[in-house]
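Novice: The following file, protein-v8.cif, comprises mmCIF, C-alpha atoms:
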data_final
#
loop_
_atom_site.group_PDB
_atom_site.id
_atom_site.type_symbol
_atom_site.label_atom_id
_atom_site.label_comp_id
_atom_site.auth_asym_id
_atom_site.auth_seq_id
_atom_site.Cartn_x
_atom_site.Cartn_y
_atom_site.Cartn_z
ATOM 1 C CA MET A 1 -71.437 -37.301 -6.478
ATOM 2 C CA LEU A 2 -69.373 -40.185 -7.838
ATOM 3 C CA ARG A 3 -68.672 -38.355 -11.116
ATOM 4 C CA TYR A 4 -67.262 -35.386 -9.191
ATOM 5 C CA ILE A 5 -64.922 -37.653 -7.240
ATOM 6 C CA GLU A 6 -63.809 -39.336 -10.479
ATOM 7 C CA TRP A 7 -63.146 -35.906 -11.984
ATOM 8 C CA LEU A 8 -61.012 -34.902 -9.003
ATOM 9 C CA ILE A 9 -59.031 -38.162 -9.153
ATOM 10 C CA GLU A 10 -58.400 -37.632 -12.878
ATOM 11 C CA GLU A 11 -57.413 -33.980 -12.508
ATOM 12 C CA LEU A 12 -55.138 -34.061 -9.438
ATOM 13 C CA PRO A 13 -52.144 -36.120 -10.666
ATOM 14 C CA LEU A 14 -50.698 -33.481 -13.044
ATOM 15 C CA PRO A 15 -50.412 -30.609 -10.544
ATOM 16 C CA LEU A 16 -49.389 -32.983 -7.730
ATOM 17 C CA ILE A 17 -46.599 -34.651 -9.702
ATOM 18 C CA LEU A 18 -45.265 -31.346 -11.025
ATOM 19 C CA MET A 19 -45.488 -29.719 -7.608
ATOM 20 C CA ILE A 20 -43.461 -32.554 -6.039
ATOM 21 C CA THR A 21 -40.969 -32.474 -8.926
ATOM 22 C CA GLY A 22 -40.563 -28.712 -8.574
ATOM 23 C CA PHE A 23 -40.000 -29.027 -4.832
ATOM 24 C CA VAL A 24 -37.320 -31.694 -5.295
ATOM 25 C CA ILE A 25 -35.513 -29.719 -8.017
ATOM 26 C CA TRP A 26 -35.763 -26.512 -5.967
ATOM 27 C CA ARG A 27 -34.716 -27.861 -2.564
ATOM 28 C CA PHE A 28 -32.390 -30.664 -3.692
ATOM 29 C CA PRO A 29 -30.866 -29.510 -6.995
ATOM 30 C CA PRO A 30 -29.592 -32.546 -8.898
ATOM 31 C CA GLN A 31 -25.828 -32.807 -9.173
ATOM 32 C CA TYR A 32 -26.027 -35.211 -12.097
ATOM 33 C CA LYS A 33 -26.593 -33.344 -15.335
ATOM 34 C CA GLY A 34 -28.917 -36.014 -16.728
ATOM 35 C CA LEU A 35 -31.618 -34.891 -14.295
ATOM 36 C CA GLY A 36 -33.228 -31.515 -13.672
ATOM 37 C CA TYR A 37 -33.561 -28.452 -15.878
ATOM 38 C CA HIS A 38 -31.397 -29.441 -18.838
ATOM 39 C CA THR A 39 -30.489 -26.820 -21.497
ATOM 40 C CA SER A 40 -27.217 -25.574 -22.956
ATOM 41 C CA ALA A 41 -27.525 -22.317 -20.979
ATOM 42 C CA SER A 42 -28.028 -24.185 -17.697
ATOM 43 C CA GLU A 43 -25.071 -26.474 -18.409
ATOM 44 C CA SER A 44 -22.631 -23.671 -19.211
ATOM 45 C CA SER A 45 -21.221 -23.639 -15.651
ATOM 46 C CA PRO A 46 -21.901 -25.161 -12.223
ATOM 47 C CA LEU A 47 -23.238 -21.800 -10.978
ATOM 48 C CA ALA A 48 -25.620 -21.502 -13.938
ATOM 49 C CA TRP A 49 -26.697 -25.120 -13.395
ATOM 50 C CA HIS A 50 -27.486 -24.546 -9.724
ATOM 51 C CA SER A 51 -29.234 -21.229 -10.454
ATOM 52 C CA ALA A 52 -31.399 -22.809 -13.153
ATOM 53 C CA GLN A 53 -32.414 -25.701 -10.890
ATOM 54 C CA THR A 54 -33.418 -23.512 -7.960
ATOM 55 C CA TYR A 55 -35.160 -20.880 -10.112
ATOM 56 C CA CYS A 56 -37.087 -23.337 -12.269
ATOM 57 C CA GLY A 57 -37.888 -25.675 -9.365
ATOM 58 C CA SER A 58 -39.292 -22.902 -7.180
ATOM 59 C CA ARG A 59 -41.412 -21.553 -10.054
ATOM 60 C CA ILE A 60 -42.770 -25.019 -10.803
ATOM 61 C CA PHE A 61 -43.529 -25.692 -7.133
ATOM 62 C CA PHE A 62 -45.403 -22.468 -6.443
ATOM 63 C CA SER A 63 -47.177 -22.391 -9.814
ATOM 64 C CA TYR A 64 -48.482 -25.916 -9.484
ATOM 65 C CA LEU A 65 -49.348 -25.427 -5.818
ATOM 66 C CA THR A 66 -51.571 -22.606 -7.054
ATOM 67 C CA ALA A 67 -52.899 -24.862 -9.839
ATOM 68 C CA LEU A 68 -53.686 -27.538 -7.247
ATOM 69 C CA ILE A 69 -55.628 -25.047 -5.126
ATOM 70 C CA ILE A 70 -57.535 -23.805 -8.196
ATOM 71 C CA THR A 71 -58.345 -27.408 -9.135
ATOM 72 C CA ILE A 72 -59.719 -28.188 -5.683
ATOM 73 C CA VAL A 73 -61.753 -24.953 -5.593
ATOM 74 C CA ALA A 74 -63.138 -25.692 -9.086
ATOM 75 C CA TRP A 75 -64.042 -29.195 -7.952
ATOM 76 C CA MET A 76 -65.831 -27.869 -4.866
ATOM 77 C CA ILE A 77 -67.782 -25.324 -6.923
ATOM 78 C CA CYS A 78 -68.789 -27.996 -9.448
ATOM 79 C CA ALA A 79 -69.790 -30.450 -6.739
ATOM 80 C CA LEU A 80 -71.796 -27.927 -4.719
ATOM 81 C CA SER A 81 -73.568 -26.389 -7.695
ATOM 82 C CA LYS A 82 -74.058 -29.779 -9.388
ATOM 83 C CA VAL A 83 -73.008 -28.583 -12.846
ATOM 84 C CA SER A 84 -73.634 -30.734 -15.888
ATOM 85 C CA GLN A 85 -71.157 -33.263 -17.208
ATOM 86 C CA ASP A 86 -70.417 -31.070 -20.268
ATOM 87 C CA ILE A 87 -69.464 -28.059 -18.166
ATOM 88 C CA MET A 88 -67.361 -30.198 -15.864
ATOM 89 C CA VAL A 89 -65.454 -31.695 -18.812
ATOM 90 C CA SER A 90 -64.891 -28.202 -20.258
ATOM 91 C CA ILE A 91 -63.478 -26.986 -16.952
ATOM 92 C CA PHE A 92 -61.318 -30.113 -16.744
ATOM 93 C CA TRP A 93 -59.790 -29.484 -20.184
ATOM 94 C CA MET A 94 -59.262 -25.769 -19.543
ATOM 95 C CA LEU A 95 -57.314 -26.619 -16.392
ATOM 96 C CA ILE A 96 -55.194 -29.227 -18.201
ATOM 97 C CA VAL A 97 -54.384 -26.847 -21.078
ATOM 98 C CA ALA A 98 -53.518 -24.042 -18.632
ATOM 99 C CA GLU A 99 -51.205 -26.363 -16.681
ATOM 100 C CA VAL A 100 -49.396 -27.471 -19.852
ATOM 101 C CA ILE A 101 -49.000 -23.876 -21.055
ATOM 102 C CA LEU A 102 -47.676 -22.969 -17.602
ATOM 103 C CA ILE A 103 -44.722 -25.334 -17.900
ATOM 104 C CA PHE A 104 -43.687 -23.683 -21.178
ATOM 105 C CA VAL A 105 -43.966 -20.240 -19.579
ATOM 106 C CA ILE A 106 -41.711 -21.396 -16.730
ATOM 107 C CA ILE A 107 -39.137 -22.724 -19.215
ATOM 108 C CA ILE A 108 -39.121 -19.384 -21.062
ATOM 109 C CA MET A 109 -38.796 -17.473 -17.783
ATOM 110 C CA THR A 110 -35.871 -19.657 -16.706
ATOM 111 C CA GLU A 111 -34.064 -19.158 -20.013
ATOM 112 C CA MET A 112 -34.594 -15.397 -19.764
ATOM 113 C CA MET A 113 -33.157 -15.412 -16.241
ATOM 114 C CA LEU A 114 -30.112 -17.411 -17.387
ATOM 115 C CA HIS A 115 -29.425 -15.078 -20.326
ATOM 116 C CA LYS A 116 -29.880 -12.029 -18.093
ATOM 117 C CA CYS A 117 -27.582 -13.253 -15.312
ATOM 118 C CA PHE A 118 -24.940 -15.290 -17.189
ATOM 119 C CA ASP A 119 -22.891 -14.889 -20.356
ATOM 120 C CA LYS A 120 -22.452 -17.669 -22.952
ATOM 121 C CA ASN A 121 -19.608 -19.219 -20.953
ATOM 122 C CA GLY A 122 -21.696 -19.390 -17.778
ATOM 123 C CA GLU A 123 -19.886 -16.559 -16.047
ATOM 124 C CA PRO A 124 -22.024 -14.115 -14.041
ATOM 125 C CA LYS A 125 -22.585 -10.788 -15.817
#
Take the structure in the file and write it out as structure tokens.
Specialist:
Amino acid sequence: MLRYIEWLIEELPLPLILMITGFVIWRFPPQYKGLGYHTSASESSPLAWHSAQTYCGSRIFFSYLTALIITIVAWMICALSKVSQDIMVSIFWMLIVAEVILIFVIIIMTEMMLHKCFDKNGEPK
């Protein structure tokens, strides 16, 4: 049982940290442009900046909340079915890779939203 607890302790920080970060960016958009979602499209105007922070932050929060739930469910399934160490490590790496890919998908989605809603000067379309 100890190896399952170790696995959970190793796996939980990534979704937890990103979920908290997403919540903070979503609910308390940073006013300082050195923090938050930081691209040329998001910096084109204050409205674009605020829109990028709330859009990206909410996507990060809900995506990594889902990732956290999936991680806990995977841990429970592994612990209850007593899977081998090799299978557990494979599941661990699949979850990590999926979580890293997810952040890139969120960045692409945010950029698409900015280009759809704002022109190059940051004015709403």
Novice: What does the PyMOL selection byres ((chain A and resi 92-99) around 9) select in this file, as a ChimeraX atom specification?
Specialist: /A:7,10-11,14-15,63-64,67,70-71,87-91,100-103
Novice: Run the PyMOL selection byres ((chain A and resi 78) around 12) against the file shown and list the residues it catches, as a PyMOL selection string.
Specialist: chain A and resi 1+3-5+7-8+71-77+79-92
Novice: If you take every atom of region 78-93 of chain A that the file lists and fit an axis-aligned box around them with 4 Å extra on each side, what centre and edge lengths come out in Å to one decimal, as AutoDock Vina command-line options?
Specialist:
--center_x -66.9 --center_y -29.8 --center_z -12.5 --size_x 22.3 --size_y 14.9 --size_z 23.5
Novice: Find the residue from A:Pro29, A:Pro124, A:Gly34, A:Gly57 that sits nearest to Met109 (chain A); use only C-alpha atoms when measuring.
Specialist: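 Of all the options, A:Gly57 lies closest to Met109 (chain A).
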Novice: Excluding Thr21 (chain A) and its own-chain neighbours fewer than 3 positions away, which residues fall within 9 Å of it when counting only C-alpha atoms? Please give them as an mmCIF file with C-alpha atoms, in the coordinates of the input.
Specialist:
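File part.cif, as written:
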data_model
loop_
_atom_site.group_PDB
_atom_site.id
_atom_site.type_symbol
_atom_site.label_atom_id
_atom_site.label_comp_id
_atom_site.auth_asym_id
_atom_site.auth_seq_id
_atom_site.Cartn_x
_atom_site.Cartn_y
_atom_site.Cartn_z
ATOM 1 C CA LEU A 16 -49.389 -32.983 -7.730
ATOM 2 C CA ILE A 17 -46.599 -34.651 -9.702
ATOM 3 C CA LEU A 18 -45.265 -31.346 -11.025
ATOM 4 C CA VAL A 24 -37.320 -31.694 -5.295
ATOM 5 C CA ILE A 25 -35.513 -29.719 -8.017
ATOM 6 C CA TRP A 26 -35.763 -26.512 -5.967
ATOM 7 C CA GLY A 57 -37.888 -25.675 -9.365
ATOM 8 C CA ILE A 60 -42.770 -25.019 -10.803
ATOM 9 C CA PHE A 61 -43.529 -25.692 -7.133
#
Novice: Emit a file covering region 57-73 of chain A of the preceding structure with N, CA and C atoms, as a JSON list (two decimals), in the first residue's frame.
Specialist:
[["chain", "number", "residue", "atom", "x", "y", "z"],
["A", 57, "GLY", "N", -7.42, 31.41, -17.34],
["A", 57, "GLY", "CA", -7.48, 30.96, -15.95],
["A", 57, "GLY", "C", -8.62, 30.00, -15.70],
["A", 58, "SER", "N", -9.80, 30.30, -16.26],
["A", 58, "SER", "CA", -10.94, 29.39, -16.05],
["A", 58, "SER", "C", -10.70, 28.05, -16.73],
["A", 59, "ARG", "N", -10.10, 28.07, -17.93],
["A", 59, "ARG", "CA", -9.81, 26.81, -18.63],
["A", 59, "ARG", "C", -8.79, 25.98, -17.86],
["A", 60, "ILE", "N", -7.77, 26.64, -17.34],
["A", 60, "ILE", "CA", -6.77, 25.92, -16.55],
["A", 60, "ILE", "C", -7.41, 25.32, -15.30],
["A", 61, "PHE", "N", -8.21, 26.13, -14.60],
["A", 61, "PHE", "CA", -8.83, 25.65, -13.36],
["A", 61, "PHE", "C", -9.70, 24.42, -13.60],
["A", 62, "PHE", "N", -10.63, 24.51, -14.54],
["A", 62, "PHE", "CA", -11.54, 23.39, -14.74],
["A", 62, "PHE", "C", -10.86, 22.18, -15.38],
["A", 63, "SER", "N", -9.90, 22.41, -16.25],
["A", 63, "SER", "CA", -9.18, 21.29, -16.87],
["A", 63, "SER", "C", -8.36, 20.52, -15.84],
["A", 64, "TYR", "N", -7.68, 21.25, -14.97],
["A", 64, "TYR", "CA", -6.84, 20.57, -13.99],
["A", 64, "TYR", "C", -7.64, 20.08, -12.78],
["A", 65, "LEU", "N", -8.82, 20.63, -12.55],
["A", 65, "LEU", "CA", -9.73, 20.02, -11.58],
["A", 65, "LEU", "C", -10.14, 18.64, -12.08],
["A", 66, "THR", "N", -10.46, 18.57, -13.37],
["A", 66, "THR", "CA", -10.80, 17.28, -13.99],
["A", 66, "THR", "C", -9.60, 16.34, -13.94],
["A", 67, "ALA", "N", -8.40, 16.86, -14.23],
["A", 67, "ALA", "CA", -7.19, 16.03, -14.18],
["A", 67, "ALA", "C", -6.94, 15.52, -12.75],
["A", 68, "LEU", "N", -7.22, 16.34, -11.77],
["A", 68, "LEU", "CA", -7.06, 15.92, -10.37],
["A", 68, "LEU", "C", -8.03, 14.79, -10.04],
["A", 69, "ILE", "N", -9.26, 14.91, -10.48],
["A", 69, "ILE", "CA", -10.26, 13.85, -10.23],
["A", 69, "ILE", "C", -9.84, 12.57, -10.93],
["A", 70, "ILE", "N", -9.38, 12.67, -12.18],
["A", 70, "ILE", "CA", -8.93, 11.48, -12.92],
["A", 70, "ILE", "C", -7.74, 10.84, -12.21],
["A", 71, "THR", "N", -6.83, 11.64, -11.70],
["A", 71, "THR", "CA", -5.67, 11.13, -10.97],
["A", 71, "THR", "C", -6.10, 10.36, -9.73],
["A", 72, "ILE", "N", -7.02, 10.91, -8.98],
["A", 72, "ILE", "CA", -7.48, 10.24, -7.75],
["A", 72, "ILE", "C", -8.23, 8.96, -8.09],
["A", 73, "VAL", "N", -9.06, 8.98, -9.13],
["A", 73, "VAL", "CA", -9.78, 7.77, -9.54],
["A", 73, "VAL", "C", -8.79, 6.70, -10.02]]
